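Worksheet for the structure shown next.
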Amino acid sequence: MERKEIVVVGGGPAGLCAALQAARMGAQVTLLEGDDRLGGQLVKQTHMFFGSQKQHAGTRGVDISTMLVKELEQMPNVEIRTNAMVLGRYEDGALTVDDNDQFKVIYPKKAVFATGASEKMLMFANNDMPGVYGAGAVQTLMNVYGVKPADRVLMVGAGNIGLIVSYQLMQAGVQVAAILDAGPRIGGYLVHAAKIRRAGVPILTRHSIKEAVGTDRVTGAVIVQLDEKWQAIPGTEQTIACDAICLAVGLSPFADLFWQAGCDMKFIPELGGHVPARGQDMQTSVEGIYVAGDVGGIEEASSAMVEGYLAGLNAASALGYGGETVQTQRTELETQLNDLRSGPVGEKIRAGLAKLYAE
Amino acid sequence: MLHVTGIPTKEDVAKVTPSLERLQKGPCAVIECFQKIPCNPCATSCPFGAIERGNDINELPVIDWEVCTGCGICVVNCPGLAIFVVDMSQPDRAAVKLPYEFLPLPKVGDVVTAIGRDGVPLGDAKVLKVQDNKAYDRTRLVWLEVQRDWAMEVRHFSRKES
């Protein structure tokens with residue numbers, strides 16, 4: 001059994017920033033990451049980030065990850081454990097951990113859960129056929145392991161992930177047959193859409209996939225046009241030749257630890273599903289448990305980083321760290337979050353947060 | 001229609017096109033950013049302070065073409081790869097600087113296929129320069145020589161199979 005000051009669960013953008021902020025204020029921080037490396041989804045992001053310089057705009061996601069990890073590794077008050085998967089959270093505050101195949105029990109004074117999100121699946125015929133991938137898997141194959149996932153891909157979903165992964169596929173020399181989206185509009189940033197479109201990839205809004213074609217692996221896909229009520233229009237089916245179908249149809253907060261801890265949970269579609277209720281300080285209904293990043297609501301990585309800083313700051317501050325500048329820093333971080341969310345593309349997240357804070 | 005097809009329309013482009021008089025004076029940046037997103041590297045990277053983003057980082061950028069020199073720094077710093085430099089100072093041809101993130105890179109003197117916003121090939125263009133340095137962070141600035149009436153059309157290119 002181990003006693004720790006602040007334990008951060010999850011080494012993605014939110015967790016890295018939570019750990020950094022708490023450590024910069026002087027707290028003893030333990031960062032637990034289930035994967036064999038830190039960075040989460042940042043390590044797969046080869047594009048330059050949006051936002052402002054405060055969130056490293058203009059820098060590629062993978063390089064932001066390297067910068068954050070490097071700073072963390074140099075701090076004497078930070079303990080990083082990779083291959084350390086948190087298994088559960090018990091009513092006495094214990095976290096159970098599979099730490100490199102050793103079973104550990106850790107009691108933190110404060111915990112930040114930054115566990116991210118998991119990909120949504122889509123219902124269509126043969127969706128279990130080899131060659132049907134989640135966008136995260138395609139990115140991992142290409143950008144982490146250097147493996148070309150296919151020769152010709154049909155992308156389903158024109159949100160930012162679908163658009164970005166399509167572009168990365170083209171950079172890796174993979175053809176993208178088309179990008180489908182069931183909605184009437186492209187959901188992702190239009191600048192991403194424009195750069196893919198000018199490279200020759202059609203974006204088909206109001207289209208969905210009906211079935212994957214093939215016997216023991218994907219050799220094509222039947223797609224279909226949808227009407228204004230999202231129903232398939234008979235007779236509009238067409239077959240697209242491809243050897244992979246990549247699904248980028250949204251994310252669900254990976255909130256199991258909050259459920260286990262008995263945190264008040266709210267179902268908020270705009271935030272991606274069930275998320276923990278929380279105050280402006282990112283603390284949940286269970287004292288000492290904080291939330292940051294996609295697990296608290298699906299959003300961009302730049303917001304996840306700022307939420308991480310904020311959760312780390314409040315957790316460390318609750319233990320007496322930080323001194324006089326804490327309030328100034330807190331206000332500054334809250335302002336950054338508001339700026340990132342204040343425009344038209346932040347409408348959905350604002351609506352979700354309004355519901356979250358309503359009661 | 002941009003939000004349906006991903007292709008900026010003529011009307012979209014007209015809003016961000018400098019006057020012919022300005023284009024004929026020399027290179028200047030054309031910012032094809034049509035959606036309010038939280039983003040400001042164009043403004044912060046411009047060494048001349050020619051790009052204004054206002055107090056709200058969600059506002060669309062506004063460029064002062066009298067101050068812009070067409071240096072291309074914003075082109076390689078725009079996370080959306082939505083900025084291009086157009087130069088119509090020569091009487092018989094135009095130059096367009098494009099952000100390019102594909103390998104292999106073209107070589108100076110190569111003839112490549114110039115492509116429009118809709119992904120449709122326009123015809124041949126000549127590579128005038130391929131600029132790369134550490135500060136560009138792996139987004140290369142490729143200068144194409146194109147016929148004058150393509151100056152506001154060419155936004156991508158493909159290498160010809162050799």
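Going through the structure tokens in order, the chains are called A, B, and so on, while each chain numbers its residues from 1 and the ligands are numbered from 1 in the order shown.
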Using only C-alpha atoms, tabulate the residues of chain A lying at most 9 Å from any atom of chain B, each with its closest atom pair and that distance in Å to one decimal, by chain and increasing residue number, as a tab-separated table.
```
residue	atom	partner	partner_atom	distance
A:His47	CA	B:Pro79	CA	7.0
A:Met48	CA	B:Pro79	CA	4.8
A:Phe49	CA	B:Pro79	CA	6.0
A:Phe50	CA	B:Cys39	CA	4.9
A:Gly51	CA	B:Cys39	CA	4.2
A:Ser52	CA	B:Asn40	CA	5.6
A:Gln53	CA	B:Pro41	CA	7.3
A:Ala57	CA	B:Pro41	CA	6.4
A:Gly58	CA	B:Pro79	CA	5.7
A:Thr59	CA	B:Asp137	CA	8.2
A:Arg60	CA	B:Asp137	CA	8.6
A:Met170	CA	B:Phe102	CA	8.2
A:Gln171	CA	B:Phe102	CA	5.5
A:Ala172	CA	B:Phe102	CA	8.4
A:Gly173	CA	B:Leu103	CA	8.8
A:Pro184	CA	B:Val4	CA	6.8
A:Arg185	CA	B:Val4	CA	4.9
A:Ile186	CA	B:His3	CA	5.4
A:Gly187	CA	B:His3	CA	8.2
A:Tyr189	CA	B:Ile37	CA	7.6
A:Leu190	CA	B:Gly6	CA	6.3
A:Val191	CA	B:Gly80	CA	4.9
A:His192	CA	B:Gly80	CA	5.9
A:Ala193	CA	B:Gly6	CA	5.0
A:Ala194	CA	B:Gly6	CA	4.8
A:Lys195	CA	B:Leu81	CA	7.0
A:Ile196	CA	B:Gly6	CA	8.1
A:Arg197	CA	B:Gly119	CA	5.9
A:Arg198	CA	B:Gly119	CA	4.0
A:Ala199	CA	B:Gly119	CA	5.3
A:Gly200	CA	B:Gly119	CA	4.2
A:Val201	CA	B:Gly119	CA	7.4
A:Pro202	CA	B:Thr5	CA	7.7
A:Ile203	CA	B:Thr5	CA	5.9
A:Leu204	CA	B:Thr5	CA	7.2
A:Thr205	CA	B:Val4	CA	6.3
A:Asp339	CA	B:Ile57	CA	6.8
A:Leu340	CA	B:Pro38	CA	5.4
A:Arg341	CA	B:Pro38	CA	7.6
A:Ser342	CA	B:Asn58	CA	7.3
A:Gly343	CA	B:Asn58	CA	5.3
A:Pro344	CA	B:Lys36	CA	6.5
A:Val345	CA	B:Ile37	CA	6.2
A:Gly346	CA	B:Ile37	CA	8.4
```
**Item:** In segment 38-218 of chain A, DSSP alpha helix (DSSP H) residues written as a PyMOL selection string
**Value:** chain A and resi 61-73+135-139+160-171+190-198
**Request:** Tell me, as a ChimeraX atom specification, which residues lie within 9 Å of Asp124 of chain B, counting only C-alpha atoms; anything in the same chain fewer than 5 positions away does not count.
**Result:** /B:111-114,146
Write the residues of the selection above to a file with C-alpha atoms, as a PDB file, in the first residue's frame.
```pdb
ATOM      1  CA  VAL B 111       6.579  20.642 -64.212  1.00  0.00           C
ATOM      2  CA  VAL B 112       3.687  19.662 -61.947  1.00  0.00           C
ATOM      3  CA  THR B 113      -0.081  19.542 -62.333  1.00  0.00           C
ATOM      4  CA  ALA B 114      -1.725  22.605 -60.840  1.00  0.00           C
ATOM      5  CA  VAL B 146       1.256  29.608 -63.419  1.00  0.00           C
TER       6      VAL B 146
END
```
**Request:** Have a look at B:Ala43, B:Asp132, B:Pro99, B:Asp110 and name the one nearest to Leu60 of chain B; count only C-alpha atoms.
**Result:** B:Ala43
**A:Ala261, A:Val165, A:Met75, A:Leu310 ranked by distance to Val286 of chain A, top pick (using only C-alpha atoms)** =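 Result for the nearest residue to Val286 of chain A: A:Ala261.
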**Request:** To one decimal in Å, tell me the separation between atom CA of Ala125 of chain A and atom CA of Ser252 of chain A.
**Result:**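 Taking atom CA of Ala125 of chain A as the start and atom CA of Ser252 of chain A as the end point, the length is 22.3 Å.
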**Request:** Please provide as number ranges by chain all residues within 6 Å of Gly159 of chain A, with the sequence filter that same-chain residues fewer than 2 positions apart are discarded (counting only C-alpha atoms).
**Result:** A: 157, 161-162, 187-188
**Asked** Which value, in Å to one decimal, gives the distance between atom CA of Glu299 of chain A and atom CA of Ile349 of chain A?
**Response**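 About the pair atom CA of Glu299 of chain A and atom CA of Ile349 of chain A: they are 7.3 Å apart.
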**Request:** Write down as number ranges by chain the residues belonging to segment 19-230 of chain A that are assigned strand (DSSP E) by DSSP computed on the backbone.
**Result:** A: 29-32, 78-81, 84-89, 95-99, 102-113, 117-119, 132-134, 152-156, 175-181, 203-205, 207-213, 220-225
**Item:** Closest of B:Ile31, B:Leu128, B:Val62, B:Ala95 to Val75 of chain B - atom-to-atom distances counting only C-alpha atoms
**Value:**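 When distances to Val75 of chain B are compared using only C-alpha atoms, the smallest one comes from B:Ile31.
In terms of minimum interatomic distance to Arg330 of chain A, A:Glu307 ranks closest within A:Asp264, A:Glu307, A:Glu347, A:Asp92, counting only C-alpha atoms.
Straight-line separation from atom CA of Gly49 of chain B to atom CA of Met305 of chain A: 28.1 Å.
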All residues 12 Å or closer to Val147 of chain A, only C-alpha atoms, same chain fewer than 2 positions away omitted, as a PDB file with C-alpha atoms, in the first residue's frame:
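Printed below is selection37.pdb as written:
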```
ATOM      1  CA  ALA A 137      -6.495   2.420 -34.659  1.00  0.00           C
ATOM      2  CA  VAL A 138      -5.614   3.762 -38.098  1.00  0.00           C
ATOM      3  CA  GLN A 139      -3.717   6.648 -36.506  1.00  0.00           C
ATOM      4  CA  THR A 140      -1.926   4.321 -34.109  1.00  0.00           C
ATOM      5  CA  LEU A 141      -0.857   1.985 -36.905  1.00  0.00           C
ATOM      6  CA  MET A 142       0.401   4.821 -39.089  1.00  0.00           C
ATOM      7  CA  ASN A 143       1.781   7.349 -36.663  1.00  0.00           C
ATOM      8  CA  VAL A 144       2.926   5.259 -33.719  1.00  0.00           C
ATOM      9  CA  TYR A 145       4.028   2.027 -35.368  1.00  0.00           C
ATOM     10  CA  PRO A 149      -3.135   0.317 -42.681  1.00  0.00           C
ATOM     11  CA  ALA A 150      -4.563  -0.086 -46.191  1.00  0.00           C
ATOM     12  CA  ASP A 151      -4.233   1.029 -49.784  1.00  0.00           C
ATOM     13  CA  LEU A 169      -3.683   8.752 -44.690  1.00  0.00           C
ATOM     14  CA  ALA A 172       1.172   8.179 -45.814  1.00  0.00           C
ATOM     15  CA  GLY A 173       0.464   7.400 -49.456  1.00  0.00           C
ATOM     16  CA  VAL A 174      -2.959   5.844 -48.857  1.00  0.00           C
TER      17      VAL A 174
END
```
**10 Å contact set for segment 23-34 of chain A, only C-alpha atoms, chain neighbours under 3 positions out, as number ranges by chain** = A: 4-12, 15-20, 37-40, 71-72, 75-87, 97-100, 108, 110-115, 312-313, 315-317, 319-323, 326
**Prompt:** Quick one: residues within 9 Å of Phe124 of chain A, only C-alpha atoms counted, chain neighbours fewer than 2 positions away excluded, as a list in words?
**Reply:** Leu122, Asn126, Asn127, Ile209, Lys210, Glu211 and Ala212 of chain A
**Among the residues A:Asp63, A:Asp216, A:Asp256, A:Asp101, the one that comes closest to Asp128 of chain A [using only C-alpha atoms]** =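 Closest to Asp128 of chain A, using only C-alpha atoms: A:Asp216.
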